[in-house]
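Text of the file my_file-v7.cif, holding mmCIF, C-alpha atoms:
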```cif
data_final
#
loop_
_atom_site.group_PDB
_atom_site.id
_atom_site.type_symbol
_atom_site.label_atom_id
_atom_site.label_comp_id
_atom_site.auth_asym_id
_atom_site.auth_seq_id
_atom_site.Cartn_x
_atom_site.Cartn_y
_atom_site.Cartn_z
ATOM 1 C CA MET A 215 -16.034 8.892 -7.129
ATOM 2 C CA ASN A 216 -16.464 5.249 -7.995
ATOM 3 C CA PHE A 217 -14.599 3.375 -10.738
ATOM 4 C CA GLN A 218 -17.147 4.252 -13.418
ATOM 5 C CA GLN A 219 -17.160 7.932 -12.496
ATOM 6 C CA LEU A 220 -13.360 8.055 -12.572
ATOM 7 C CA GLN A 221 -13.390 6.560 -16.069
ATOM 8 C CA ASP A 222 -16.081 9.007 -17.158
ATOM 9 C CA GLU A 223 -13.904 11.898 -15.971
ATOM 10 C CA VAL A 224 -11.026 10.664 -18.136
ATOM 11 C CA THR A 225 -13.111 10.061 -21.254
ATOM 12 C CA GLY A 226 -14.807 13.430 -20.784
ATOM 13 C CA ARG A 227 -11.459 15.211 -21.027
ATOM 14 C CA GLY A 228 -10.621 14.217 -24.548
ATOM 15 C CA PHE A 229 -10.283 10.446 -24.501
ATOM 16 C CA ASP A 230 -13.820 9.364 -25.348
ATOM 17 C CA PHE A 231 -12.517 7.475 -28.400
ATOM 18 C CA GLN A 232 -10.716 4.951 -26.178
ATOM 19 C CA SER A 233 -12.216 1.645 -25.066
ATOM 20 C CA SER A 234 -13.501 1.354 -21.528
ATOM 21 C CA ALA A 235 -10.919 -1.371 -20.888
ATOM 22 C CA ARG A 236 -8.075 0.974 -21.881
ATOM 23 C CA VAL A 237 -9.395 3.846 -19.786
ATOM 24 C CA GLY A 238 -9.990 1.483 -16.869
ATOM 25 C CA SER A 239 -6.375 0.338 -17.120
ATOM 26 C CA TRP A 240 -5.148 3.944 -16.983
ATOM 27 C CA VAL A 241 -7.315 4.624 -13.941
ATOM 28 C CA ASN A 242 -6.160 1.509 -12.083
ATOM 29 C CA ASN A 243 -2.505 2.156 -12.894
ATOM 30 C CA ALA A 244 -2.833 5.735 -11.663
ATOM 31 C CA TYR A 245 -4.568 4.510 -8.502
ATOM 32 C CA THR A 246 -1.786 2.008 -7.804
ATOM 33 C CA GLU A 247 0.906 4.595 -8.510
ATOM 34 C CA LEU A 248 -0.628 7.058 -6.073
ATOM 35 C CA CYS A 249 -0.959 4.451 -3.323
ATOM 36 C CA ASP A 250 2.652 3.331 -3.841
ATOM 37 C CA LEU A 251 4.094 6.827 -3.437
ATOM 38 C CA GLU A 252 4.038 6.946 0.373
ATOM 39 C CA ASP A 253 3.196 4.981 3.491
ATOM 40 C CA TRP A 254 -0.195 6.664 3.606
ATOM 41 C CA PRO A 255 -2.089 6.316 6.911
ATOM 42 C CA PHE A 256 -5.204 5.107 5.096
ATOM 43 C CA LEU A 257 -3.241 2.041 3.967
ATOM 44 C CA GLN A 258 -2.333 0.977 7.502
ATOM 45 C CA ALA A 259 -3.836 -2.317 8.591
ATOM 46 C CA SER A 260 -3.286 -5.228 10.939
ATOM 47 C CA ALA A 261 -4.014 -8.934 10.891
ATOM 48 C CA SER A 262 -3.805 -11.579 13.598
ATOM 49 C CA GLY A 263 -3.726 -15.348 13.636
ATOM 50 C CA PRO A 264 -1.391 -18.312 14.019
ATOM 51 C CA ALA A 265 1.659 -18.394 11.757
ATOM 52 C CA PRO A 266 2.079 -19.036 8.931
ATOM 53 C CA LEU A 267 -0.358 -16.169 8.424
ATOM 54 C CA THR A 268 -1.391 -15.333 4.860
ATOM 55 C CA ILE A 269 -2.502 -11.744 4.226
ATOM 56 C CA ALA A 270 -4.019 -11.215 0.779
ATOM 57 C CA ASP A 271 -3.422 -7.453 0.610
ATOM 58 C CA LEU A 272 0.005 -7.450 2.277
ATOM 59 C CA GLY A 273 2.234 -4.636 1.055
ATOM 60 C CA VAL A 274 5.057 -3.575 3.390
ATOM 61 C CA VAL A 275 5.379 -5.062 6.874
ATOM 62 C CA GLU A 276 5.717 -2.520 9.676
ATOM 63 C CA GLY A 277 6.192 -5.010 12.481
ATOM 64 C CA VAL A 278 5.231 -8.402 13.875
ATOM 65 C CA ARG A 279 4.512 -9.192 17.512
ATOM 66 C CA THR A 280 3.715 -12.368 19.360
ATOM 67 C CA GLN A 281 0.590 -12.800 21.457
ATOM 68 C CA ALA A 282 2.747 -11.949 24.479
ATOM 69 C CA GLY A 283 3.741 -8.635 22.887
ATOM 70 C CA VAL A 284 7.298 -9.578 21.913
ATOM 71 C CA ARG A 285 8.468 -7.867 18.755
ATOM 72 C CA LEU A 286 9.968 -10.300 16.242
ATOM 73 C CA MET A 287 13.004 -9.526 14.139
ATOM 74 C CA ALA A 288 12.648 -9.613 10.343
ATOM 75 C CA ILE A 289 14.969 -12.012 8.547
ATOM 76 C CA ASP A 290 15.359 -13.114 4.945
ATOM 77 C CA ARG A 291 14.190 -16.707 4.490
ATOM 78 C CA ARG A 292 17.329 -17.587 2.516
ATOM 79 C CA GLN A 293 19.560 -16.353 5.325
ATOM 80 C CA LEU A 294 17.535 -18.301 7.862
ATOM 81 C CA GLU A 295 17.760 -21.479 5.784
ATOM 82 C CA HIS A 296 21.514 -20.957 5.582
ATOM 83 C CA ASP A 297 21.801 -20.633 9.370
ATOM 84 C CA VAL A 298 19.425 -23.387 10.538
ATOM 85 C CA THR A 299 18.690 -26.852 9.239
ATOM 86 C CA ASP A 300 15.016 -27.187 10.194
ATOM 87 C CA LEU A 301 12.582 -24.284 9.833
ATOM 88 C CA THR A 302 9.857 -26.342 11.509
ATOM 89 C CA THR A 303 11.611 -26.354 14.907
ATOM 90 C CA ALA A 304 9.038 -25.486 17.564
ATOM 91 C CA GLY A 305 9.613 -22.965 20.326
ATOM 92 C CA SER A 306 9.187 -19.318 21.227
ATOM 93 C CA PRO A 307 9.465 -17.278 18.002
ATOM 94 C CA SER A 308 12.318 -14.778 17.757
ATOM 95 C CA CYS A 309 12.024 -13.770 14.101
ATOM 96 C CA TYR A 310 9.688 -13.762 11.127
ATOM 97 C CA TYR A 311 10.141 -14.157 7.399
ATOM 98 C CA LEU A 312 8.072 -13.747 4.263
ATOM 99 C CA THR A 313 7.172 -16.439 1.743
ATOM 100 C CA ALA A 314 5.188 -16.176 -1.490
ATOM 101 C CA GLY A 315 4.894 -12.414 -0.965
ATOM 102 C CA GLN A 316 1.836 -12.803 1.290
ATOM 103 C CA THR A 317 2.643 -15.248 4.070
ATOM 104 C CA ILE A 318 4.333 -14.402 7.370
ATOM 105 C CA SER A 319 6.058 -17.348 9.050
ATOM 106 C CA THR A 320 7.925 -17.420 12.353
ATOM 107 C CA TYR A 321 11.036 -19.157 13.617
ATOM 108 C CA PRO A 322 10.934 -21.090 15.820
ATOM 109 C CA THR A 323 7.364 -22.093 15.000
ATOM 110 C CA SER A 324 4.517 -21.749 17.479
ATOM 111 C CA MET A 325 0.790 -22.326 17.560
ATOM 112 C CA ALA A 326 0.309 -18.982 19.329
ATOM 113 C CA SER A 327 -1.182 -16.053 17.451
ATOM 114 C CA ILE A 328 0.908 -13.252 15.961
ATOM 115 C CA THR A 329 -0.169 -9.735 15.024
ATOM 116 C CA VAL A 330 1.150 -8.157 11.846
ATOM 117 C CA ARG A 331 0.990 -4.419 11.310
ATOM 118 C CA TYR A 332 1.416 -3.494 7.681
ATOM 119 C CA TRP A 333 0.586 -1.180 4.811
ATOM 120 C CA LYS A 334 -1.806 -2.844 2.437
ATOM 121 C CA THR A 335 -1.748 -2.974 -1.334
ATOM 122 C CA PRO A 336 -5.249 -2.094 -2.557
ATOM 123 C CA ALA A 337 -6.844 -4.397 -5.091
ATOM 124 C CA GLU A 338 -7.465 -3.052 -8.571
ATOM 125 C CA MET A 339 -10.960 -1.750 -9.112
ATOM 126 C CA VAL A 340 -13.116 -4.079 -11.184
ATOM 127 C CA SER A 341 -16.720 -3.320 -10.313
ATOM 128 C CA THR A 342 -18.053 -0.043 -11.700
ATOM 129 C CA LEU A 343 -19.209 0.787 -8.161
ATOM 130 C CA ALA A 344 -15.799 0.147 -6.551
ATOM 131 C CA VAL A 345 -14.521 3.168 -4.613
ATOM 132 C CA PRO A 346 -10.793 3.927 -4.141
ATOM 133 C CA ILE A 347 -9.440 3.634 -0.626
ATOM 134 C CA ILE A 348 -7.851 7.100 -0.729
ATOM 135 C CA PRO A 349 -9.785 10.035 0.778
ATOM 136 C CA ALA A 350 -12.539 11.272 -1.549
ATOM 137 C CA ARG A 351 -11.111 14.797 -1.772
ATOM 138 C CA PHE A 352 -8.051 13.364 -3.568
ATOM 139 C CA HIS A 353 -9.887 11.211 -6.126
ATOM 140 C CA GLU A 354 -9.153 13.898 -8.721
ATOM 141 C CA LEU A 355 -5.487 12.868 -8.493
ATOM 142 C CA ILE A 356 -6.402 9.445 -9.851
ATOM 143 C CA VAL A 357 -8.042 11.158 -12.816
ATOM 144 C CA LEU A 358 -4.978 13.366 -13.379
ATOM 145 C CA GLY A 359 -2.701 10.339 -13.084
ATOM 146 C CA ALA A 360 -4.765 8.510 -15.687
ATOM 147 C CA LEU A 361 -4.647 11.551 -17.974
ATOM 148 C CA ARG A 362 -0.844 11.659 -17.613
ATOM 149 C CA ARG A 363 -0.646 8.050 -18.753
ATOM 150 C CA ALA A 364 -3.053 8.674 -21.608
ATOM 151 C CA ALA A 365 -1.085 11.713 -22.788
ATOM 152 C CA LEU A 366 2.135 9.686 -22.792
ATOM 153 C CA GLU A 367 0.571 7.086 -25.068
ATOM 154 C CA GLU A 368 -1.192 9.494 -27.422
ATOM 155 C CA SER A 369 1.417 11.410 -29.420
ATOM 156 C CA ASP A 370 -1.220 13.711 -30.909
ATOM 157 C CA GLY A 371 -3.170 14.003 -27.652
ATOM 158 C CA PRO A 372 -3.070 16.611 -24.886
ATOM 159 C CA ASP A 373 0.217 17.859 -23.492
ATOM 160 C CA TYR A 374 1.686 15.490 -20.896
ATOM 161 C CA ALA A 375 3.589 18.275 -19.104
ATOM 162 C CA SER A 376 0.439 20.163 -18.147
ATOM 163 C CA PHE A 377 -1.208 17.071 -16.642
ATOM 164 C CA ASP A 378 2.023 16.130 -14.874
ATOM 165 C CA ALA A 379 2.485 19.586 -13.345
ATOM 166 C CA GLU A 380 -1.064 19.572 -11.989
ATOM 167 C CA TRP A 381 -0.643 16.024 -10.691
ATOM 168 C CA GLN A 382 2.656 16.880 -8.951
ATOM 169 C CA ARG A 383 1.062 19.907 -7.308
ATOM 170 C CA GLY A 384 -1.889 17.829 -6.128
ATOM 171 C CA VAL A 385 0.349 15.080 -4.742
ATOM 172 C CA GLN A 386 2.296 17.651 -2.728
ATOM 173 C CA ILE A 387 -0.942 18.984 -1.260
ATOM 174 C CA MET A 388 -2.010 15.433 -0.426
ATOM 175 C CA ARG A 389 1.309 14.804 1.350
ATOM 176 C CA GLU A 390 0.864 17.965 3.408
ATOM 177 C CA ARG A 391 -2.738 17.173 4.326
ATOM 178 C CA VAL A 392 -2.433 13.451 4.957
ATOM 179 C CA LEU A 393 1.127 12.887 6.208
ATOM 180 C CA LEU A 394 1.590 16.052 8.273
ATOM 181 C CA TRP A 395 -1.179 15.194 10.691
ATOM 182 C CA HIS A 396 -0.291 17.690 13.435
ATOM 183 C CA ARG A 397 0.728 21.326 13.570
ATOM 184 C CA ASP A 398 0.911 21.993 17.293
ATOM 185 C CA GLY A 399 4.674 22.660 17.263
ATOM 186 C CA ASN A 400 5.183 20.464 20.304
ATOM 187 C CA THR A 401 6.372 17.057 19.183
ATOM 188 C CA SER A 402 8.102 14.516 21.384
ATOM 189 C CA GLN A 403 9.504 11.171 20.396
ATOM 190 C CA VAL A 404 8.174 8.126 22.195
ATOM 191 C CA ARG A 405 10.377 5.071 21.990
ATOM 192 C CA SER A 406 9.476 1.695 23.381
ATOM 193 C CA ALA A 407 11.942 -0.471 25.252
ATOM 194 C CA SER A 408 12.631 -2.371 22.038
ATOM 195 C CA HIS A 409 12.894 0.892 20.044
ATOM 196 C CA GLY A 410 10.300 -0.466 17.652
ATOM 197 C CA ASP A 411 6.692 -0.039 16.714
ATOM 198 C CA THR A 412 3.904 -0.032 19.258
#
```

Can you dump the structure from the file as structure tokens?
Amino acid sequence: MNFQQLQDEVTGRGFDFQSSARVGSWVNNAYTELCDLEDWPFLQASASGPAPLTIADLGVVEGVRTQAGVRLMAIDRRQLEHDVTDLTTAGSPSCYYLTAGQTISTYPTSMASITVRYWKTPAEMVSTLAVPIIPARFHELIVLGALRRAALEESDGPDYASFDAEWQRGVQIMRERVLLWHRDGNTSQVRSASHGDT
């Protein structure tokens, strides 16, 4: 379903008296809530380039590696500033830090490229033809999430508990289908030399 169809599903279930802006807000909030629940595989992404590297849809960083494949250690910028006097010191990077919520910088600095693996934060849907990033078979959960929000706001509207119960059941099914990606009963752990991501 696209953004317009998701809104139509909500209005068609008893909220046709609401403005499209209000219904759109419920849909987008439900979409964001669903994406924030887990580190869903469909949110995994990577970006490469010289640091500082700005990533518009950066959510949670999984790991950062140099062009040579060295995994960098995450450090809080404030701690780094406390420990060193000049963040612009050039050299082989050993750590990375986040600024402005979207920019990955390294210390020491280098002109070489880095690769960032991360989970992205999807943009809110604006265009009526925008399609959620989650698998199509779970789009109904966005509708249910929007209905939950609508029921909370409308004291004389439908029962929140019934929407919530259906939403919770659907989320559990989504976890089982999307996160439990194998059922062969033969799982082995693979750890790299740095015990980090690959």

task = Choose the residue, out of A:Pro322, A:Pro266, A:Gly359, A:Gly273, that has the smallest atom-to-atom separation from Thr335 of chain A; count all atoms listed in the file.
result = A:Gly273

request  = Kindly give the distance, in Å, that separates atom CA of Ser306 of chain A and atom CA of Ala270 of chain A, rounded to a single decimal.
outcome  = 25.7 Å

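Of the residues listed (A:Glu252, A:Glu223, A:Glu338, A:Asp378), A:Glu223 shows the shortest atom-to-atom separation from His353 of chain A; distances use only C-alpha atoms.
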
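Within 12 Å of the point (-12.2, 14.4, -21.6) in file coordinates, and counting only C-alpha atoms, lie the residues Leu220, Gln221, Asp222, Glu223, Val224, Thr225, Gly226, Arg227, Gly228, Phe229, Asp230, Phe231, Gln232, Val237, Val357, Leu358, Ala360, Leu361, Ala364, Ala365, Gly371 and Pro372 of chain A.
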
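When you apply the PyMOL selection byres ((chain A and resi 329) around 6) to this structure, what comes back is Ala261, Ser262, Val278, Arg279, Ile328 and Val330 of chain A.
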
Written selection (C-alpha atoms) as a short mmCIF file (atom, residue, chain, number, x, y, z; two decimals), keeping the file's coordinate frame:
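Listing of again-v4.cif after writing:
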```
data_model
loop_
_atom_site.label_atom_id
_atom_site.label_comp_id
_atom_site.auth_asym_id
_atom_site.auth_seq_id
_atom_site.Cartn_x
_atom_site.Cartn_y
_atom_site.Cartn_z
CA ALA A 261 -4.01 -8.93 10.89
CA SER A 262 -3.80 -11.58 13.60
CA VAL A 278 5.23 -8.40 13.88
CA ARG A 279 4.51 -9.19 17.51
CA ILE A 328 0.91 -13.25 15.96
CA VAL A 330 1.15 -8.16 11.85
#
```

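The two atoms in question, atom CA of Arg331 of chain A and atom CA of Pro349 of chain A, are spaced 20.9 Å apart.
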
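Neighbouring residues of Tyr332 of chain A at 8 Å or closer, counting only C-alpha atoms and skipping chain neighbours under 6 positions away, are Gln258, Ala259, Ser260, Leu272, Gly273, Val274, Val275, Glu276 and Gly277 of chain A.
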
inquiry  = Going by the chain IDs and residue numbers used in this file, which residues fall under the PyMOL selection byres ((chain A and resi 256) around 12)? Write them as a PyMOL selection string.
reply    = chain A and resi 249+252-255+257-259+332-336+346-350+392-393

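If you look at atom CA of Glu247 of chain A and atom CA of Ala314 of chain A, they are 22.3 Å away from each other.
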
ask   = On this structure, which residues satisfy the PyMOL selection byres ((chain A and resi 312) around 10), written as number ranges by chain?
value = A: 266-268, 275, 288-291, 310-311, 313-320

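When all atoms listed in the file are used to measure the gap to Ser239 of chain A, the shortest distance among A:Leu294, A:Met339, A:Ala326, A:Val284 belongs to A:Met339.
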
task = Give the answer as one residue: which of A:Arg362, A:Arg292, A:Arg236, A:Arg389 has the shortest atom-to-atom distance to Ser376 of chain A, using all atoms listed in the file?
result = A:Arg362

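Selecting by distance to (-2.2, -20.0, 12.7) with a limit of 7 Å and using only C-alpha atoms, one obtains Gly263, Pro264, Ala265, Pro266, Leu267, Met325 and Ser327 of chain A.
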
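Comparing A:Thr280, A:Val385, A:His296, A:Arg391 by their smallest distance to Leu251 of chain A, the closest is A:Val385 (using all atoms listed in the file).
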
Mind filling out segment 284-299 of chain A with N, CA and C atoms and sending it as a PDB file, in the frame of the given file?
```
ATOM      1  N   VAL A 284       5.887  -9.617  22.283  1.00  0.00           N
ATOM      2  CA  VAL A 284       7.298  -9.578  21.913  1.00  0.00           C
ATOM      3  C   VAL A 284       7.432  -9.238  20.437  1.00  0.00           C
ATOM      4  N   ARG A 285       8.263  -8.248  20.153  1.00  0.00           N
ATOM      5  CA  ARG A 285       8.468  -7.867  18.755  1.00  0.00           C
ATOM      6  C   ARG A 285       9.471  -8.822  18.112  1.00  0.00           C
ATOM      7  N   LEU A 286       9.104  -9.360  16.949  1.00  0.00           N
ATOM      8  CA  LEU A 286       9.968 -10.300  16.242  1.00  0.00           C
ATOM      9  C   LEU A 286      10.863  -9.569  15.254  1.00  0.00           C
ATOM     10  N   MET A 287      12.043 -10.100  15.065  1.00  0.00           N
ATOM     11  CA  MET A 287      13.004  -9.526  14.139  1.00  0.00           C
ATOM     12  C   MET A 287      12.744 -10.062  12.734  1.00  0.00           C
ATOM     13  N   ALA A 288      12.811  -9.187  11.738  1.00  0.00           N
ATOM     14  CA  ALA A 288      12.648  -9.613  10.343  1.00  0.00           C
ATOM     15  C   ALA A 288      13.941 -10.259   9.861  1.00  0.00           C
ATOM     16  N   ILE A 289      13.800 -11.348   9.110  1.00  0.00           N
ATOM     17  CA  ILE A 289      14.969 -12.012   8.547  1.00  0.00           C
ATOM     18  C   ILE A 289      14.616 -12.557   7.172  1.00  0.00           C
ATOM     19  N   ASP A 290      15.564 -12.549   6.278  1.00  0.00           N
ATOM     20  CA  ASP A 290      15.359 -13.114   4.945  1.00  0.00           C
ATOM     21  C   ASP A 290      15.309 -14.633   5.056  1.00  0.00           C
ATOM     22  N   ARG A 291      14.343 -15.252   4.410  1.00  0.00           N
ATOM     23  CA  ARG A 291      14.190 -16.707   4.490  1.00  0.00           C
ATOM     24  C   ARG A 291      15.459 -17.434   4.053  1.00  0.00           C
ATOM     25  N   ARG A 292      16.121 -16.921   3.004  1.00  0.00           N
ATOM     26  CA  ARG A 292      17.329 -17.587   2.516  1.00  0.00           C
ATOM     27  C   ARG A 292      18.442 -17.559   3.562  1.00  0.00           C
ATOM     28  N   GLN A 293      18.558 -16.443   4.269  1.00  0.00           N
ATOM     29  CA  GLN A 293      19.560 -16.353   5.325  1.00  0.00           C
ATOM     30  C   GLN A 293      19.239 -17.319   6.459  1.00  0.00           C
ATOM     31  N   LEU A 294      17.949 -17.397   6.805  1.00  0.00           N
ATOM     32  CA  LEU A 294      17.535 -18.301   7.862  1.00  0.00           C
ATOM     33  C   LEU A 294      17.811 -19.750   7.477  1.00  0.00           C
ATOM     34  N   GLU A 295      17.508 -20.122   6.245  1.00  0.00           N
ATOM     35  CA  GLU A 295      17.760 -21.479   5.784  1.00  0.00           C
ATOM     36  C   GLU A 295      19.249 -21.795   5.767  1.00  0.00           C
ATOM     37  N   HIS A 296      20.062 -20.771   5.568  1.00  0.00           N
ATOM     38  CA  HIS A 296      21.514 -20.957   5.582  1.00  0.00           C
ATOM     39  C   HIS A 296      22.014 -21.204   7.003  1.00  0.00           C
ATOM     40  N   ASP A 297      21.342 -20.573   7.974  1.00  0.00           N
ATOM     41  CA  ASP A 297      21.801 -20.633   9.370  1.00  0.00           C
ATOM     42  C   ASP A 297      21.241 -21.815  10.159  1.00  0.00           C
ATOM     43  N   VAL A 298      20.044 -22.283   9.799  1.00  0.00           N
ATOM     44  CA  VAL A 298      19.425 -23.387  10.538  1.00  0.00           C
ATOM     45  C   VAL A 298      19.058 -24.509   9.578  1.00  0.00           C
ATOM     46  N   THR A 299      18.972 -25.702  10.104  1.00  0.00           N
ATOM     47  CA  THR A 299      18.690 -26.852   9.239  1.00  0.00           C
ATOM     48  C   THR A 299      17.212 -27.208   9.165  1.00  0.00           C
TER      49      THR A 299
END
```
